[in-house]
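Asker: Dropping in upload10.cif, with mmCIF, C-alpha atoms.
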```cif
data_run
#
loop_
_atom_site.label_atom_id
_atom_site.label_comp_id
_atom_site.auth_asym_id
_atom_site.auth_seq_id
_atom_site.Cartn_x
_atom_site.Cartn_y
_atom_site.Cartn_z
CA MET A 1 -32.56 -82.52 27.80
CA GLY A 2 -33.64 -85.66 26.00
CA PRO A 3 -31.15 -88.18 24.55
CA THR A 4 -31.90 -87.20 20.92
CA ARG A 5 -31.24 -83.52 21.60
CA PHE A 6 -28.06 -84.40 23.52
CA ILE A 7 -26.74 -86.52 20.62
CA PHE A 8 -27.55 -83.73 18.17
CA LEU A 9 -25.84 -81.06 20.30
CA PHE A 10 -22.84 -83.34 20.79
CA SER A 11 -22.61 -83.70 17.02
CA VAL A 12 -22.73 -79.89 16.58
CA VAL A 13 -20.02 -79.38 19.22
CA ASN A 14 -17.93 -82.13 17.63
CA THR A 15 -18.19 -80.40 14.24
CA ILE A 16 -17.17 -77.06 15.76
CA SER A 17 -14.23 -78.78 17.49
CA SER A 18 -13.19 -80.30 14.13
CA TYR A 19 -13.30 -76.82 12.65
CA LEU A 20 -11.12 -75.40 15.44
CA LEU A 21 -8.65 -78.24 15.06
CA MET A 22 -8.50 -77.71 11.31
CA LYS A 23 -7.81 -74.01 11.85
CA HIS A 24 -5.09 -74.89 14.40
CA LEU A 25 -7.00 -73.00 17.04
CA GLN A 26 -7.46 -75.91 19.43
CA GLY A 27 -6.14 -74.66 22.75
CA VAL A 28 -6.52 -71.03 21.70
CA SER A 29 -10.29 -70.98 22.13
CA ASN A 30 -11.37 -69.75 25.56
CA VAL A 31 -14.85 -71.20 25.13
CA VAL A 32 -15.62 -74.37 27.03
CA ILE A 33 -18.22 -76.82 25.77
CA THR A 34 -20.68 -76.01 28.55
CA ASP A 35 -20.54 -72.30 27.59
CA LEU A 36 -20.97 -73.17 23.91
CA LEU A 37 -24.07 -75.21 24.71
CA GLU A 38 -25.58 -72.74 27.20
CA ASP A 39 -24.83 -69.66 25.06
CA GLY A 40 -26.33 -71.15 21.91
CA PHE A 41 -28.97 -73.54 23.13
CA GLY A 42 -29.93 -72.26 26.59
CA ASP A 43 -32.94 -70.20 27.65
CA HIS A 44 -31.47 -66.93 26.26
CA PRO A 45 -29.26 -67.78 23.28
CA PHE A 46 -26.53 -65.33 22.26
CA TYR A 47 -26.18 -67.01 18.87
CA HIS A 48 -28.08 -69.27 16.53
CA CYS A 49 -26.80 -72.19 14.52
CA VAL A 50 -27.76 -73.72 11.19
CA VAL A 51 -26.36 -77.17 10.50
CA ALA A 52 -25.93 -79.42 7.50
CA GLU A 53 -26.49 -83.08 8.27
CA VAL A 54 -25.79 -86.29 6.40
CA PRO A 55 -29.20 -87.63 5.28
CA SER A 56 -30.47 -90.26 7.75
CA GLU A 57 -30.40 -93.04 5.15
CA GLN A 58 -26.67 -92.38 4.55
CA GLN A 59 -25.64 -92.11 8.22
CA SER A 60 -23.33 -94.70 9.72
CA ASN A 61 -22.42 -95.42 13.31
CA ASN A 62 -18.86 -94.15 12.89
CA GLY A 63 -19.30 -91.24 10.46
CA PRO A 64 -20.19 -87.63 11.22
CA VAL A 65 -23.83 -86.62 11.36
CA VAL A 66 -23.36 -82.84 11.30
CA ILE A 67 -21.01 -81.98 8.43
CA GLY A 68 -21.25 -78.20 8.43
CA PHE A 69 -22.56 -75.27 10.41
CA ALA A 70 -23.13 -71.56 10.34
CA MET A 71 -23.15 -69.62 13.61
CA TYR A 72 -24.94 -66.28 13.42
CA TYR A 73 -26.78 -63.64 15.42
CA PHE A 74 -28.85 -60.56 14.77
CA THR A 75 -27.59 -57.07 15.54
CA TYR A 76 -28.44 -53.49 14.75
CA ASP A 77 -26.51 -50.65 13.14
CA PRO A 78 -27.98 -47.12 13.43
CA TRP A 79 -26.80 -46.35 9.87
CA ILE A 80 -27.98 -49.57 8.26
CA GLY A 81 -30.70 -51.03 10.50
CA LYS A 82 -31.11 -54.75 11.18
CA LEU A 83 -28.20 -57.03 10.32
CA LEU A 84 -27.59 -60.73 10.31
CA TYR A 85 -23.99 -61.20 11.44
CA LEU A 86 -22.40 -64.45 10.25
CA GLU A 87 -19.89 -65.30 12.96
CA ASP A 88 -18.61 -68.63 11.68
CA PHE A 89 -19.24 -70.81 8.67
CA PHE A 90 -17.72 -74.24 8.06
CA VAL A 91 -18.27 -77.32 5.91
CA MET A 92 -16.08 -80.39 6.45
CA GLU A 93 -13.46 -80.75 3.73
CA MET A 94 -14.81 -84.01 2.30
CA TYR A 95 -18.27 -82.43 1.81
CA ARG A 96 -17.15 -79.26 0.05
CA ASN A 97 -17.81 -78.28 -3.58
CA ILE A 98 -21.15 -80.09 -3.75
CA GLY A 99 -23.38 -77.12 -2.89
CA ILE A 100 -23.75 -77.49 0.89
CA GLY A 101 -22.16 -74.11 1.66
CA SER A 102 -24.29 -72.45 -1.00
CA GLU A 103 -27.44 -73.95 0.52
CA ILE A 104 -26.49 -72.79 4.02
CA LEU A 105 -25.79 -69.27 2.73
CA LYS A 106 -29.12 -69.28 0.86
CA LEU A 107 -30.93 -70.33 4.04
CA LEU A 108 -29.22 -67.50 5.97
CA SER A 109 -30.10 -65.04 3.20
CA ASP A 110 -33.75 -66.16 3.36
CA MET A 111 -33.72 -65.67 7.15
CA ALA A 112 -32.16 -62.22 6.82
CA PHE A 113 -34.66 -61.18 4.17
CA ASN A 114 -37.66 -62.58 6.06
CA THR A 115 -36.66 -60.78 9.27
CA ARG A 116 -36.27 -57.52 7.30
CA CYS A 117 -32.49 -57.31 7.68
CA ASN A 118 -30.83 -54.81 5.40
CA SER A 119 -27.52 -56.61 5.22
CA MET A 120 -25.46 -59.63 6.23
CA HIS A 121 -22.01 -58.87 7.61
CA PHE A 122 -19.06 -61.18 8.28
CA VAL A 123 -15.28 -61.21 8.45
CA VAL A 124 -13.03 -63.35 6.27
CA ALA A 125 -9.36 -63.98 7.05
CA GLU A 126 -7.10 -62.03 4.71
CA GLY A 127 -5.40 -65.16 3.33
CA ASN A 128 -8.58 -67.20 2.81
CA GLN A 129 -8.95 -66.51 -0.90
CA LYS A 130 -11.28 -69.47 -1.51
CA SER A 131 -13.80 -68.04 0.95
CA ILE A 132 -13.36 -64.51 -0.39
CA ASP A 133 -14.09 -65.78 -3.91
CA PHE A 134 -17.05 -67.86 -2.64
CA TYR A 135 -18.70 -64.79 -1.09
CA LYS A 136 -17.88 -62.43 -3.98
CA ARG A 137 -19.48 -64.86 -6.46
CA ARG A 138 -22.66 -64.46 -4.43
CA GLY A 139 -22.62 -60.67 -4.46
CA ALA A 140 -20.64 -59.85 -1.31
CA ALA A 141 -18.66 -56.61 -1.32
CA ASP A 142 -15.32 -56.29 0.45
CA ILE A 143 -15.86 -53.06 2.41
CA THR A 144 -12.45 -53.09 4.12
CA HIS A 145 -10.88 -50.51 1.84
CA ASP A 146 -14.02 -48.84 0.47
CA GLU A 147 -15.47 -47.85 3.82
CA GLY A 148 -12.24 -47.70 5.81
CA TRP A 149 -13.43 -49.64 8.84
CA ARG A 150 -10.99 -51.48 11.10
CA LEU A 151 -11.89 -54.41 13.31
CA PHE A 152 -10.97 -53.98 16.99
CA LYS A 153 -11.37 -56.12 20.06
CA ILE A 154 -11.12 -55.54 23.79
CA ASN A 155 -10.05 -58.74 25.54
CA LYS A 156 -11.45 -60.03 28.82
CA SER A 157 -8.63 -58.71 31.02
CA SER A 158 -9.03 -55.20 29.56
CA LEU A 159 -12.80 -55.43 30.04
CA PHE A 160 -12.19 -56.31 33.67
CA LYS A 161 -9.74 -53.43 34.13
CA MET A 162 -12.19 -50.94 32.64
CA SER A 163 -15.13 -52.25 34.63
CA SER A 164 -13.13 -52.06 37.86
CA GLY A 165 -11.96 -48.50 37.10
CA THR A 166 -8.23 -49.25 36.70
CA ILE A 167 -8.28 -48.01 33.08
CA GLU A 168 -9.84 -44.69 32.15
#
```
Turn this file's structure into structure tokens for me.
Answerer:
Amino acid sequence: MGPTRFIFLFSVVNTISSYLLMKHLQGVSNVVITDLLEDGFGDHPFYHCVVAEVPSEQQSNNGPVVIGFAMYYFTYDPWIGKLLYLEDFFVMEMYRNIGIGSEILKLLSDMAFNTRCNSMHFVVAEGNQKSIDFYKRRGAADITHDEGWRLFKINKSSLFKMSSGTIE
């Protein structure tokens, strides 16, 4: 990995860390930086990332370079077809309300459309009204109540128990 790519990836990881810290999740995340880099930027990426950067002419030695990101991946639903799933979306506080988030979402929409996706799905925290309003203004539908789906997870220890046959 060349020095330019390393600096860029470090900036992406730093932005994601800022996001986790802002959300008070630092210490809760089980992902280590090496996994984040390998899983997103290795030979077989599990996710993709779009970033917003400060224009080169406005960059300083002590300011952030990457000021926002969207982490996404493609999936498939037998009822819907191809989907772009938006896993995480963040713009640093001081760069909000100037259109950066809208541009990132437009770029993702272009990607979804150009890869023949039928939909973009994502989850928004119940109390995050600003984000809910942001997405609704752009045509998103809250399908929580309309379609009656619930979000579940199976954690790593339960995965291990099932894979080893200790849970039926």
Asker: Pull out every residue that the PyMOL selection byres ((chain A and resi 121) around 9) matches in the shown coordinates and put them as a CSV table (one decimal) with C-alpha atoms, in the coordinates of the input.
Answerer:
```
chain,number,residue,atom,x,y,z
A,83,LEU,CA,-28.2,-57.0,10.3
A,84,LEU,CA,-27.6,-60.7,10.3
A,85,TYR,CA,-24.0,-61.2,11.4
A,86,LEU,CA,-22.4,-64.4,10.2
A,87,GLU,CA,-19.9,-65.3,13.0
A,119,SER,CA,-27.5,-56.6,5.2
A,120,MET,CA,-25.5,-59.6,6.2
A,122,PHE,CA,-19.1,-61.2,8.3
A,123,VAL,CA,-15.3,-61.2,8.4
```
Asker: In the coordinate frame of the file, compute which residues have an atom within 8 Å of (-27.8, -51.2, 3.8) when using only C-alpha atoms, and state them as a PDB file with C-alpha atoms, in the coordinates of the input.
Answerer:
```
ATOM      1  CA  TRP A  79     -26.800 -46.350   9.870  1.00  0.00           C
ATOM      2  CA  ILE A  80     -27.980 -49.570   8.260  1.00  0.00           C
ATOM      3  CA  GLY A  81     -30.700 -51.030  10.500  1.00  0.00           C
ATOM      4  CA  ASN A 118     -30.830 -54.810   5.400  1.00  0.00           C
ATOM      5  CA  SER A 119     -27.520 -56.610   5.220  1.00  0.00           C
TER       6      SER A 119
END
```
Asker: Any idea what the distance is between CA of Ala52 (chain A) and CA of Gly68 (chain A)?
Answerer: 4.9 Å
Asker: How many Å separate CA of Val54 (chain A) from CA of Lys136 (chain A)?
Answerer: 27.2 Å
Asker: Using only C-alpha atoms for the distances, tell me which of A:Ala112, A:Leu105, A:Leu151, A:Leu36 is nearest to Tyr135 (chain A).
Answerer: A:Leu105
Asker: Please report the interatomic distance between CA of Phe69 (chain A) and CA of Asp88 (chain A) in Å with one decimal.
Answerer: 7.8 Å
Asker: Counting only C-alpha atoms, which of A:Glu93, A:Met71, A:Asn114, A:Gly127 gets nearest to Phe41 (chain A)?
Answerer: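 Closest to Phe41 (chain A) of all the choices is A:Met71.
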Asker: Using all atoms listed in the file, which protein or nucleic acid residues come within 12 Å of Arg96 (chain A)? Drop anything in the same chain fewer than 4 positions from it, and give the result as number ranges by chain.
Answerer: A: 52, 67-68, 90-92, 100-103, 130-131, 134
Asker: Quick one: region 58-82 of chain A with N, CA and C atoms, as a PDB file, in the coordinates of the input?
Answerer:
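Written file, part-v1.pdb:
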```
ATOM      1  N   GLN A  58     -28.097 -92.233   4.859  1.00  0.00           N
ATOM      2  CA  GLN A  58     -26.670 -92.380   4.550  1.00  0.00           C
ATOM      3  C   GLN A  58     -25.797 -92.342   5.810  1.00  0.00           C
ATOM      4  N   GLN A  59     -26.405 -92.189   6.980  1.00  0.00           N
ATOM      5  CA  GLN A  59     -25.640 -92.110   8.220  1.00  0.00           C
ATOM      6  C   GLN A  59     -25.109 -93.475   8.615  1.00  0.00           C
ATOM      7  N   SER A  60     -23.915 -93.476   9.183  1.00  0.00           N
ATOM      8  CA  SER A  60     -23.330 -94.700   9.720  1.00  0.00           C
ATOM      9  C   SER A  60     -23.012 -94.471  11.187  1.00  0.00           C
ATOM     10  N   ASN A  61     -22.717 -95.546  11.885  1.00  0.00           N
ATOM     11  CA  ASN A  61     -22.420 -95.420  13.310  1.00  0.00           C
ATOM     12  C   ASN A  61     -21.097 -94.716  13.579  1.00  0.00           C
ATOM     13  N   ASN A  62     -20.167 -94.735  12.635  1.00  0.00           N
ATOM     14  CA  ASN A  62     -18.860 -94.150  12.890  1.00  0.00           C
ATOM     15  C   ASN A  62     -18.592 -92.866  12.095  1.00  0.00           C
ATOM     16  N   GLY A  63     -19.505 -92.452  11.246  1.00  0.00           N
ATOM     17  CA  GLY A  63     -19.300 -91.240  10.460  1.00  0.00           C
ATOM     18  C   GLY A  63     -19.955 -90.032  11.102  1.00  0.00           C
ATOM     19  N   PRO A  64     -19.585 -88.841  10.648  1.00  0.00           N
ATOM     20  CA  PRO A  64     -20.190 -87.630  11.220  1.00  0.00           C
ATOM     21  C   PRO A  64     -21.651 -87.509  10.810  1.00  0.00           C
ATOM     22  N   VAL A  65     -22.432 -86.901  11.671  1.00  0.00           N
ATOM     23  CA  VAL A  65     -23.830 -86.620  11.360  1.00  0.00           C
ATOM     24  C   VAL A  65     -23.933 -85.168  10.892  1.00  0.00           C
ATOM     25  N   VAL A  66     -23.392 -84.256  11.679  1.00  0.00           N
ATOM     26  CA  VAL A  66     -23.360 -82.840  11.300  1.00  0.00           C
ATOM     27  C   VAL A  66     -22.065 -82.610  10.532  1.00  0.00           C
ATOM     28  N   ILE A  67     -22.185 -82.126   9.290  1.00  0.00           N
ATOM     29  CA  ILE A  67     -21.010 -81.980   8.430  1.00  0.00           C
ATOM     30  C   ILE A  67     -20.691 -80.520   8.115  1.00  0.00           C
ATOM     31  N   GLY A  68     -21.512 -79.619   8.629  1.00  0.00           N
ATOM     32  CA  GLY A  68     -21.250 -78.200   8.430  1.00  0.00           C
ATOM     33  C   GLY A  68     -22.139 -77.378   9.345  1.00  0.00           C
ATOM     34  N   PHE A  69     -21.745 -76.140   9.565  1.00  0.00           N
ATOM     35  CA  PHE A  69     -22.560 -75.270  10.410  1.00  0.00           C
ATOM     36  C   PHE A  69     -22.314 -73.808  10.052  1.00  0.00           C
ATOM     37  N   ALA A  70     -23.266 -73.008  10.399  1.00  0.00           N
ATOM     38  CA  ALA A  70     -23.130 -71.560  10.340  1.00  0.00           C
ATOM     39  C   ALA A  70     -23.625 -71.023  11.682  1.00  0.00           C
ATOM     40  N   MET A  71     -22.799 -70.244  12.335  1.00  0.00           N
ATOM     41  CA  MET A  71     -23.150 -69.620  13.610  1.00  0.00           C
ATOM     42  C   MET A  71     -23.411 -68.150  13.313  1.00  0.00           C
ATOM     43  N   TYR A  72     -24.572 -67.651  13.753  1.00  0.00           N
ATOM     44  CA  TYR A  72     -24.940 -66.280  13.420  1.00  0.00           C
ATOM     45  C   TYR A  72     -25.753 -65.662  14.551  1.00  0.00           C
ATOM     46  N   TYR A  73     -25.906 -64.352  14.488  1.00  0.00           N
ATOM     47  CA  TYR A  73     -26.780 -63.640  15.420  1.00  0.00           C
ATOM     48  C   TYR A  73     -27.279 -62.381  14.725  1.00  0.00           C
ATOM     49  N   PHE A  74     -28.295 -61.790  15.308  1.00  0.00           N
ATOM     50  CA  PHE A  74     -28.850 -60.560  14.770  1.00  0.00           C
ATOM     51  C   PHE A  74     -28.323 -59.376  15.573  1.00  0.00           C
ATOM     52  N   THR A  75     -28.076 -58.289  14.888  1.00  0.00           N
ATOM     53  CA  THR A  75     -27.590 -57.070  15.540  1.00  0.00           C
ATOM     54  C   THR A  75     -28.215 -55.876  14.845  1.00  0.00           C
ATOM     55  N   TYR A  76     -27.843 -54.706  15.298  1.00  0.00           N
ATOM     56  CA  TYR A  76     -28.440 -53.490  14.750  1.00  0.00           C
ATOM     57  C   TYR A  76     -27.375 -52.436  14.570  1.00  0.00           C
ATOM     58  N   ASP A  77     -27.419 -51.753  13.446  1.00  0.00           N
ATOM     59  CA  ASP A  77     -26.510 -50.650  13.140  1.00  0.00           C
ATOM     60  C   ASP A  77     -27.368 -49.417  12.891  1.00  0.00           C
ATOM     61  N   PRO A  78     -27.116 -48.303  13.605  1.00  0.00           N
ATOM     62  CA  PRO A  78     -27.980 -47.120  13.430  1.00  0.00           C
ATOM     63  C   PRO A  78     -27.924 -46.529  12.016  1.00  0.00           C
ATOM     64  N   TRP A  79     -26.913 -46.859  11.242  1.00  0.00           N
ATOM     65  CA  TRP A  79     -26.800 -46.350   9.870  1.00  0.00           C
ATOM     66  C   TRP A  79     -27.462 -47.282   8.868  1.00  0.00           C
ATOM     67  N   ILE A  80     -27.509 -48.563   9.207  1.00  0.00           N
ATOM     68  CA  ILE A  80     -27.980 -49.570   8.260  1.00  0.00           C
ATOM     69  C   ILE A  80     -29.327 -50.162   8.685  1.00  0.00           C
ATOM     70  N   GLY A  81     -29.515 -50.366   9.972  1.00  0.00           N
ATOM     71  CA  GLY A  81     -30.700 -51.030  10.500  1.00  0.00           C
ATOM     72  C   GLY A  81     -30.358 -52.449  10.919  1.00  0.00           C
ATOM     73  N   LYS A  82     -31.303 -53.358  10.764  1.00  0.00           N
ATOM     74  CA  LYS A  82     -31.110 -54.750  11.180  1.00  0.00           C
ATOM     75  C   LYS A  82     -30.058 -55.440  10.324  1.00  0.00           C
TER      76      LYS A  82
END
```
